[in-house]
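Dumped start.csv below, it's CSV, C-alpha atoms:
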```csv
chain,number,residue,atom,x,y,z
A,14,ALA,CA,31.3,-4.0,5.7
A,15,GLN,CA,29.2,-4.6,2.7
A,16,LYS,CA,25.5,-4.6,3.5
A,17,ILE,CA,22.2,-4.5,1.6
A,18,THR,CA,18.8,-3.8,3.4
A,19,GLN,CA,15.3,-4.1,2.0
A,20,THR,CA,12.9,-3.1,4.7
A,21,GLN,CA,9.6,-3.9,3.0
A,22,PRO,CA,8.9,-7.6,3.2
A,23,GLY,CA,5.6,-7.2,1.2
A,24,MET,CA,3.7,-4.6,-0.7
A,25,PHE,CA,0.2,-4.4,-2.2
A,26,VAL,CA,-0.3,-1.9,-5.0
A,27,GLN,CA,-3.3,-1.2,-7.2
A,28,GLU,CA,-2.8,-2.0,-10.9
A,29,LYS,CA,-1.6,1.0,-13.0
A,30,GLU,CA,-0.2,2.8,-10.0
A,31,ALA,CA,3.5,3.5,-9.6
A,32,VAL,CA,5.4,1.6,-6.9
A,33,THR,CA,8.7,2.3,-5.2
A,34,LEU,CA,10.7,-0.6,-3.6
A,35,ASP,CA,13.3,0.5,-1.1
A,36,CYS,CA,16.9,-0.5,-0.9
A,37,THR,CA,19.7,0.9,1.2
A,38,TYR,CA,23.3,-0.2,1.2
A,39,ASP,CA,26.5,0.3,3.1
A,40,THR,CA,30.0,0.1,1.6
A,41,SER,CA,33.3,1.9,2.1
A,42,ASP,CA,34.4,1.1,-1.5
A,43,PRO,CA,34.0,4.1,-3.8
A,44,SER,CA,33.5,1.7,-6.8
A,45,TYR,CA,30.4,-0.4,-6.6
A,46,GLY,CA,27.4,-1.4,-8.5
A,47,LEU,CA,23.7,-1.8,-7.6
A,48,PHE,CA,21.4,-4.3,-9.3
A,49,TRP,CA,17.7,-5.1,-9.1
A,50,TYR,CA,16.4,-8.5,-10.0
A,51,LYS,CA,12.8,-9.9,-10.3
A,52,GLN,CA,11.9,-13.4,-9.3
A,53,PRO,CA,8.4,-14.5,-10.4
A,54,SER,CA,6.7,-17.5,-8.9
A,55,SER,CA,8.3,-19.7,-11.5
A,56,GLY,CA,11.6,-19.1,-9.7
A,57,GLU,CA,14.0,-17.7,-12.3
A,58,MET,CA,16.0,-14.6,-11.6
A,59,ILE,CA,15.4,-11.8,-14.1
A,60,PHE,CA,17.8,-8.8,-14.4
A,61,LEU,CA,15.9,-5.5,-14.4
A,62,ILE,CA,18.3,-2.6,-14.0
A,63,TYR,CA,21.8,-1.5,-13.0
A,64,GLN,CA,23.4,1.6,-11.4
A,65,GLY,CA,27.1,2.3,-11.1
A,66,SER,CA,28.5,4.3,-8.2
A,67,TYR,CA,30.1,6.8,-10.7
A,68,ASP,CA,27.0,7.1,-12.9
A,69,GLN,CA,25.8,10.7,-13.0
A,70,GLN,CA,22.3,9.9,-14.0
A,71,ASN,CA,19.7,7.6,-12.6
A,72,ALA,CA,19.3,4.4,-14.6
A,73,THR,CA,16.2,3.7,-16.6
A,74,GLU,CA,15.0,0.6,-18.4
A,75,GLY,CA,11.5,0.9,-19.9
A,76,ARG,CA,9.0,1.1,-17.0
A,77,TYR,CA,11.8,0.6,-14.4
A,78,SER,CA,13.9,3.4,-13.0
A,79,LEU,CA,16.4,3.5,-10.2
A,80,ASN,CA,16.2,6.5,-7.8
A,81,PHE,CA,19.9,6.6,-6.8
A,82,GLN,CA,20.7,8.9,-3.9
A,83,LYS,CA,24.4,8.4,-3.2
A,84,ALA,CA,24.7,10.5,-0.1
A,85,ARG,CA,21.8,8.7,1.5
A,86,LYS,CA,23.1,5.3,0.2
A,87,SER,CA,19.8,4.4,-1.2
A,88,ALA,CA,18.9,2.8,-4.6
A,89,ASN,CA,15.1,2.5,-4.8
A,90,LEU,CA,13.4,0.8,-7.7
A,91,VAL,CA,10.5,2.6,-9.2
A,92,ILE,CA,8.0,0.8,-11.4
A,93,SER,CA,5.7,3.0,-13.3
A,94,ALA,CA,2.2,2.0,-14.3
A,95,SER,CA,2.3,-1.3,-12.6
A,96,GLN,CA,0.9,-4.4,-14.3
A,97,LEU,CA,-0.5,-7.7,-12.9
A,98,GLY,CA,2.6,-9.4,-14.3
A,99,ASP,CA,4.8,-7.3,-12.0
A,100,SER,CA,3.6,-9.4,-9.1
A,101,ALA,CA,6.9,-11.1,-8.0
A,102,MET,CA,9.7,-11.0,-5.5
A,103,TYR,CA,12.2,-8.2,-6.1
A,104,PHE,CA,15.8,-8.3,-4.9
A,105,CYS,CA,18.4,-5.5,-4.6
A,106,ALA,CA,22.0,-6.5,-4.9
A,107,MET,CA,25.4,-4.8,-4.6
A,108,ARG,CA,28.9,-5.6,-5.9
A,109,GLU,CA,32.0,-3.9,-4.6
A,110,GLY,CA,34.8,-3.6,-7.3
A,111,TYR,CA,35.8,-7.1,-8.3
A,112,ASP,CA,34.5,-8.6,-5.1
A,113,LYS,CA,31.5,-10.6,-4.1
A,114,ILE,CA,27.9,-9.8,-4.9
A,115,ILE,CA,25.4,-9.8,-2.0
A,116,PHE,CA,21.6,-9.6,-2.1
A,117,GLY,CA,19.0,-8.2,0.2
A,118,LYS,CA,16.1,-10.2,1.7
A,119,GLY,CA,13.7,-9.1,-1.0
A,120,THR,CA,10.3,-7.5,-1.3
A,121,ARG,CA,7.3,-9.4,-2.4
A,122,LEU,CA,5.1,-7.2,-4.6
A,123,HIS,CA,1.4,-8.0,-5.1
A,124,ILE,CA,-0.4,-6.1,-7.9
A,125,LEU,CA,-4.1,-5.9,-7.3
A,126,PRO,CA,-6.6,-5.8,-10.2
B,27,ASN,CA,22.7,-20.4,-25.5
B,28,ALA,CA,23.3,-22.5,-22.4
B,29,GLY,CA,24.3,-19.7,-20.0
B,30,VAL,CA,24.5,-21.1,-16.5
B,31,THR,CA,23.6,-24.7,-16.1
B,32,GLN,CA,22.8,-26.3,-12.7
B,33,THR,CA,22.3,-29.9,-11.9
B,34,PRO,CA,20.4,-31.6,-10.4
B,35,LYS,CA,17.1,-29.6,-10.4
B,36,PHE,CA,15.6,-31.6,-7.6
B,37,GLN,CA,17.3,-33.8,-5.0
B,38,VAL,CA,16.2,-35.5,-1.8
B,39,LEU,CA,19.0,-36.5,0.6
B,40,LYS,CA,19.1,-38.3,3.9
B,41,THR,CA,20.8,-36.7,6.9
B,42,GLY,CA,24.5,-37.4,6.8
B,43,GLN,CA,24.7,-38.1,3.1
B,44,SER,CA,27.0,-36.1,0.9
B,45,MET,CA,26.4,-34.7,-2.6
B,46,THR,CA,27.6,-32.3,-5.1
B,47,LEU,CA,25.6,-29.6,-6.9
B,48,GLN,CA,27.1,-28.9,-10.3
B,49,CYS,CA,27.3,-25.5,-11.9
B,50,ALA,CA,28.8,-24.8,-15.4
B,51,GLN,CA,28.8,-21.6,-17.4
B,52,ASP,CA,29.8,-21.1,-21.0
B,53,MET,CA,30.3,-17.3,-21.0
B,54,ASN,CA,34.0,-17.3,-19.9
B,55,HIS,CA,33.0,-15.5,-16.7
B,56,GLU,CA,35.6,-14.9,-14.1
B,57,TYR,CA,33.1,-14.6,-11.2
B,58,MET,CA,31.0,-17.5,-10.0
B,59,SER,CA,29.0,-17.9,-6.8
B,60,TRP,CA,26.5,-20.0,-4.9
B,61,TYR,CA,23.5,-18.7,-3.0
B,62,ARG,CA,20.9,-20.4,-1.0
B,63,GLN,CA,17.3,-19.0,-0.8
B,64,ASP,CA,15.1,-19.5,2.2
B,65,PRO,CA,11.8,-17.9,2.9
B,66,GLY,CA,12.2,-14.5,4.5
B,67,MET,CA,16.0,-14.7,4.2
B,68,GLY,CA,16.6,-13.6,0.6
B,69,LEU,CA,19.6,-14.9,-1.2
B,70,ARG,CA,22.5,-15.6,1.0
B,71,LEU,CA,26.0,-16.0,-0.4
B,72,ILE,CA,27.6,-19.4,0.4
B,73,HIS,CA,30.9,-19.3,-1.5
B,74,TYR,CA,32.2,-17.4,-4.4
B,75,SER,CA,35.2,-17.4,-6.8
B,76,VAL,CA,36.8,-14.5,-8.8
B,77,GLY,CA,38.8,-16.9,-11.0
B,78,ALA,CA,40.1,-20.4,-11.5
B,79,GLY,CA,42.0,-21.5,-8.4
B,80,ILE,CA,40.5,-18.8,-6.2
B,81,THR,CA,37.6,-19.3,-3.8
B,82,ASP,CA,36.4,-17.4,-0.8
B,83,GLN,CA,33.7,-17.8,1.8
B,84,GLY,CA,30.4,-15.9,1.8
B,85,GLU,CA,27.9,-15.3,4.5
B,86,VAL,CA,26.9,-18.9,5.2
B,87,PRO,CA,29.8,-21.2,4.3
B,88,ASN,CA,29.5,-23.8,7.0
B,89,GLY,CA,28.8,-27.3,5.8
B,90,TYR,CA,29.7,-26.5,2.2
B,91,ASN,CA,32.8,-26.9,0.2
B,92,VAL,CA,33.8,-25.5,-3.3
B,93,SER,CA,36.6,-25.7,-5.7
B,94,ARG,CA,37.3,-23.9,-9.0
B,95,SER,CA,39.7,-25.9,-11.1
B,96,THR,CA,38.4,-24.5,-14.4
B,97,THR,CA,36.8,-21.2,-15.4
B,98,GLU,CA,33.7,-23.0,-16.5
B,99,ASP,CA,32.8,-25.1,-13.5
B,100,PHE,CA,32.1,-24.3,-9.8
B,101,PRO,CA,30.7,-27.3,-7.9
B,102,LEU,CA,29.2,-27.0,-4.5
B,103,ARG,CA,29.7,-30.0,-2.1
B,104,LEU,CA,27.5,-30.7,0.9
B,105,LEU,CA,29.8,-32.7,3.1
B,106,SER,CA,27.3,-34.2,5.6
B,107,ALA,CA,23.8,-33.1,4.8
B,108,ALA,CA,21.6,-31.7,7.6
B,109,PRO,CA,17.9,-30.7,7.5
B,110,SER,CA,19.0,-27.1,7.9
B,111,GLN,CA,20.4,-27.3,4.5
B,112,THR,CA,17.0,-27.9,2.9
B,113,SER,CA,16.8,-24.9,0.6
B,114,VAL,CA,16.8,-23.7,-3.0
B,115,TYR,CA,20.3,-23.2,-4.3
B,116,PHE,CA,21.3,-20.8,-7.1
B,117,CYS,CA,24.5,-20.7,-9.0
B,118,ALA,CA,25.4,-17.3,-10.6
B,119,SER,CA,28.2,-16.0,-12.8
B,120,SER,CA,29.4,-12.6,-14.0
B,121,GLY,CA,32.2,-10.9,-15.8
B,122,ALA,CA,35.0,-9.3,-13.8
B,123,LEU,CA,33.7,-5.7,-14.1
B,124,VAL,CA,31.5,-4.3,-11.4
B,125,GLY,CA,28.8,-3.5,-13.8
B,126,ASN,CA,28.6,-6.8,-15.6
B,127,THR,CA,25.2,-8.5,-15.5
B,128,ILE,CA,24.8,-11.4,-13.1
B,129,TYR,CA,23.5,-14.5,-14.7
B,130,PHE,CA,21.7,-17.2,-12.7
B,131,GLY,CA,21.1,-20.9,-13.1
B,132,GLU,CA,17.5,-22.2,-12.8
B,133,GLY,CA,18.0,-23.3,-9.2
B,134,SER,CA,18.3,-26.6,-7.4
B,135,TRP,CA,15.7,-27.7,-4.9
B,136,LEU,CA,17.3,-29.7,-2.2
B,137,THR,CA,15.4,-31.5,0.6
B,138,VAL,CA,17.3,-33.2,3.5
B,139,VAL,CA,15.2,-35.6,5.5
```

Once you've parsed the file, please lay out its structure as structure tokens.
Amino acid sequence: AQKITQTQPGMFVQEKEAVTLDCTYDTSDPSYGLFWYKQPSSGEMIFLIYQGSYDQQNATEGRYSLNFQKARKSANLVISASQLGDSAMYFCAMREGYDKIIFGKGTRLHILP
Amino acid sequence: NAGVTQTPKFQVLKTGQSMTLQCAQDMNHEYMSWYRQDPGMGLRLIHYSVGAGITDQGEVPNGYNVSRSTTEDFPLRLLSAAPSQTSVYFCASSGALVGNTIYFGEGSWLTVV
């Protein structure tokens, strides 16, 4: 069954440090996609990065990268050189083929000055 | 650039009342879905649709009804509101491909008293 797990309810990180947000998933479908979204305190959902199951390289988007370990079924988000504006809730999501999209419970990230 | 439009943004209901949350998208997306967001629970899938005339249940469908008569619209009906349905509701849409970006509405804050 399709499943997404984020085990870190909250994290505190010093500004300018790198941070890794964990995400593990479970699926039996060979074709799937993994997404990360950011939700600031204002409530909107902001797309950050995407990784496809057949992609050979880890996805990167500016300061965001996705550490994709297919055999371990993990898709961790790495934010380099964190900034105060990175303080937000972060959600990992998975989509199997043309089917539904499910989200994890999220990780609340606090960046300390 | 309307994207995904949800209405109303805020609503207070009395227990037992019914109401409909509206969701419309102008991107010709096949996939549409409704999520509810509760503290500590992440985004939980209520119902989803992979095309006009097709709907399916998500993780928490009880107490909610949906229909998809057109590609653009995907309303969510609360049949008899309960305090447990107090939540923030998000509508989302996406293209049919597994890697298509998921677009969200701004959210609807619903309180059932």

query: Which residues come within 12 Å of Leu123 (chain B), counting all atoms listed in the file, excluding same-chain residues fewer than 6 positions away, as a ChimeraX atom specification?
result: /A:44-46,65,108-114 /B:55-57,76

message: List as a list of chain:residue names the protein and nucleic acid residues near Ser110 (chain B), meaning an atom at most 10 Å away when only C-alpha atoms are counted, but skip any in the same chain fewer than 5 places from it.
response: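 Once the nearby chain positions are removed, what remains is B:Thr41, B:Thr137, B:Val138, B:Val139.
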
Determine, using all atoms listed in the file, which residues of chain B have any atom at most 7 Å from an atom of chain A, and tabulate each with its shortest atom pair and distance in Å to one decimal place, rows ordered by chain and then rising number, as CSV.
```
residue,atom,partner,partner_atom,distance
B:Gly66,CA,A:Lys118,CA,6.4
B:Met67,CA,A:Lys118,CA,5.1
B:Gly68,CA,A:Lys118,CA,3.6
B:Leu69,CA,A:Phe116,CA,5.7
B:Arg70,CA,A:Phe116,CA,6.8
B:Leu71,CA,A:Ile115,CA,6.4
B:Tyr74,CA,A:Lys113,CA,6.8
B:Ala122,CA,A:Tyr111,CA,6.0
B:Leu123,CA,A:Tyr111,CA,6.3
B:Val124,CA,A:Gly110,CA,5.3
B:Gly125,CA,A:Gly46,CA,5.9
B:Phe130,CA,A:Met58,CA,6.4
B:Glu132,CA,A:Glu57,CA,5.7
```

Let me see the file: selected residues, C-alpha atoms, as a short mmCIF file (atom, residue, chain, number, x, y, z; two decimals), in the frame of the given file.
```cif
data_model
loop_
_atom_site.label_atom_id
_atom_site.label_comp_id
_atom_site.auth_asym_id
_atom_site.auth_seq_id
_atom_site.Cartn_x
_atom_site.Cartn_y
_atom_site.Cartn_z
CA GLY B 66 12.20 -14.50 4.50
CA MET B 67 16.00 -14.70 4.20
CA GLY B 68 16.60 -13.60 0.60
CA LEU B 69 19.60 -14.90 -1.20
CA ARG B 70 22.50 -15.60 1.00
CA LEU B 71 26.00 -16.00 -0.40
CA TYR B 74 32.20 -17.40 -4.40
CA ALA B 122 35.00 -9.30 -13.80
CA LEU B 123 33.70 -5.70 -14.10
CA VAL B 124 31.50 -4.30 -11.40
CA GLY B 125 28.80 -3.50 -13.80
CA PHE B 130 21.70 -17.20 -12.70
CA GLU B 132 17.50 -22.20 -12.80
#
```

Would you list the residues near (39.1, -18.9, -3.6), meaning any protein, DNA or RNA residue with an atom at most 12 Å from that point in file coordinates, counting all atoms listed in the file, as a PDB file with C-alpha atoms, keeping the file's coordinate frame?
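Just written: part.pdb:
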```pdb
ATOM      1  CA  ASP A 112      34.500  -8.600  -5.100  1.00  0.00           C
ATOM      2  CA  LYS A 113      31.500 -10.600  -4.100  1.00  0.00           C
TER       3      LYS A 113
ATOM      4  CA  GLU B  56      35.600 -14.900 -14.100  1.00  0.00           C
ATOM      5  CA  TYR B  57      33.100 -14.600 -11.200  1.00  0.00           C
ATOM      6  CA  MET B  58      31.000 -17.500 -10.000  1.00  0.00           C
ATOM      7  CA  SER B  59      29.000 -17.900  -6.800  1.00  0.00           C
ATOM      8  CA  HIS B  73      30.900 -19.300  -1.500  1.00  0.00           C
ATOM      9  CA  TYR B  74      32.200 -17.400  -4.400  1.00  0.00           C
ATOM     10  CA  SER B  75      35.200 -17.400  -6.800  1.00  0.00           C
ATOM     11  CA  VAL B  76      36.800 -14.500  -8.800  1.00  0.00           C
ATOM     12  CA  GLY B  77      38.800 -16.900 -11.000  1.00  0.00           C
ATOM     13  CA  ALA B  78      40.100 -20.400 -11.500  1.00  0.00           C
ATOM     14  CA  GLY B  79      42.000 -21.500  -8.400  1.00  0.00           C
ATOM     15  CA  ILE B  80      40.500 -18.800  -6.200  1.00  0.00           C
ATOM     16  CA  THR B  81      37.600 -19.300  -3.800  1.00  0.00           C
ATOM     17  CA  ASP B  82      36.400 -17.400  -0.800  1.00  0.00           C
ATOM     18  CA  GLN B  83      33.700 -17.800   1.800  1.00  0.00           C
ATOM     19  CA  GLY B  84      30.400 -15.900   1.800  1.00  0.00           C
ATOM     20  CA  ASN B  91      32.800 -26.900   0.200  1.00  0.00           C
ATOM     21  CA  VAL B  92      33.800 -25.500  -3.300  1.00  0.00           C
ATOM     22  CA  SER B  93      36.600 -25.700  -5.700  1.00  0.00           C
ATOM     23  CA  ARG B  94      37.300 -23.900  -9.000  1.00  0.00           C
ATOM     24  CA  SER B  95      39.700 -25.900 -11.100  1.00  0.00           C
ATOM     25  CA  PHE B 100      32.100 -24.300  -9.800  1.00  0.00           C
TER      26      PHE B 100
END
```

- request: Measure the distance from CA of Tyr90 (chain B) to CA of Arg103 (chain B) in Å and round it to one decimal.
  value: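 These two atoms are separated by 5.5 Å.
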
query: If you measure from CA of Ala94 (chain A) to CA of Ser54 (chain A), what distance in Å do you get, rounded to one decimal?
result: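 Pair CA of Ala94 (chain A) / CA of Ser54 (chain A) returns 20.7 Å.
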
Close residues, Lys83 (chain A) itself excluded, 10 Å, all atoms listed in the file, min 4 positions apart in chain, as a PDB file with C-alpha atoms, keeping the file's coordinate frame:
```pdb
ATOM      1  CA  THR A  37      19.700   0.900   1.200  1.00  0.00           C
ATOM      2  CA  TYR A  38      23.300  -0.200   1.200  1.00  0.00           C
ATOM      3  CA  SER A  66      28.500   4.300  -8.200  1.00  0.00           C
ATOM      4  CA  TYR A  67      30.100   6.800 -10.700  1.00  0.00           C
ATOM      5  CA  SER A  87      19.800   4.400  -1.200  1.00  0.00           C
ATOM      6  CA  ALA A  88      18.900   2.800  -4.600  1.00  0.00           C
TER       7      ALA A  88
END
```

Top pick for closest residue to Cys36 (chain A), considering A:Ile124, A:Ile17, A:Ile92, A:Ala84 and counting all atoms listed in the file: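 Nearest candidate to Cys36 (chain A) out of A:Ile124, A:Ile17, A:Ile92, A:Ala84: A:Ile17.
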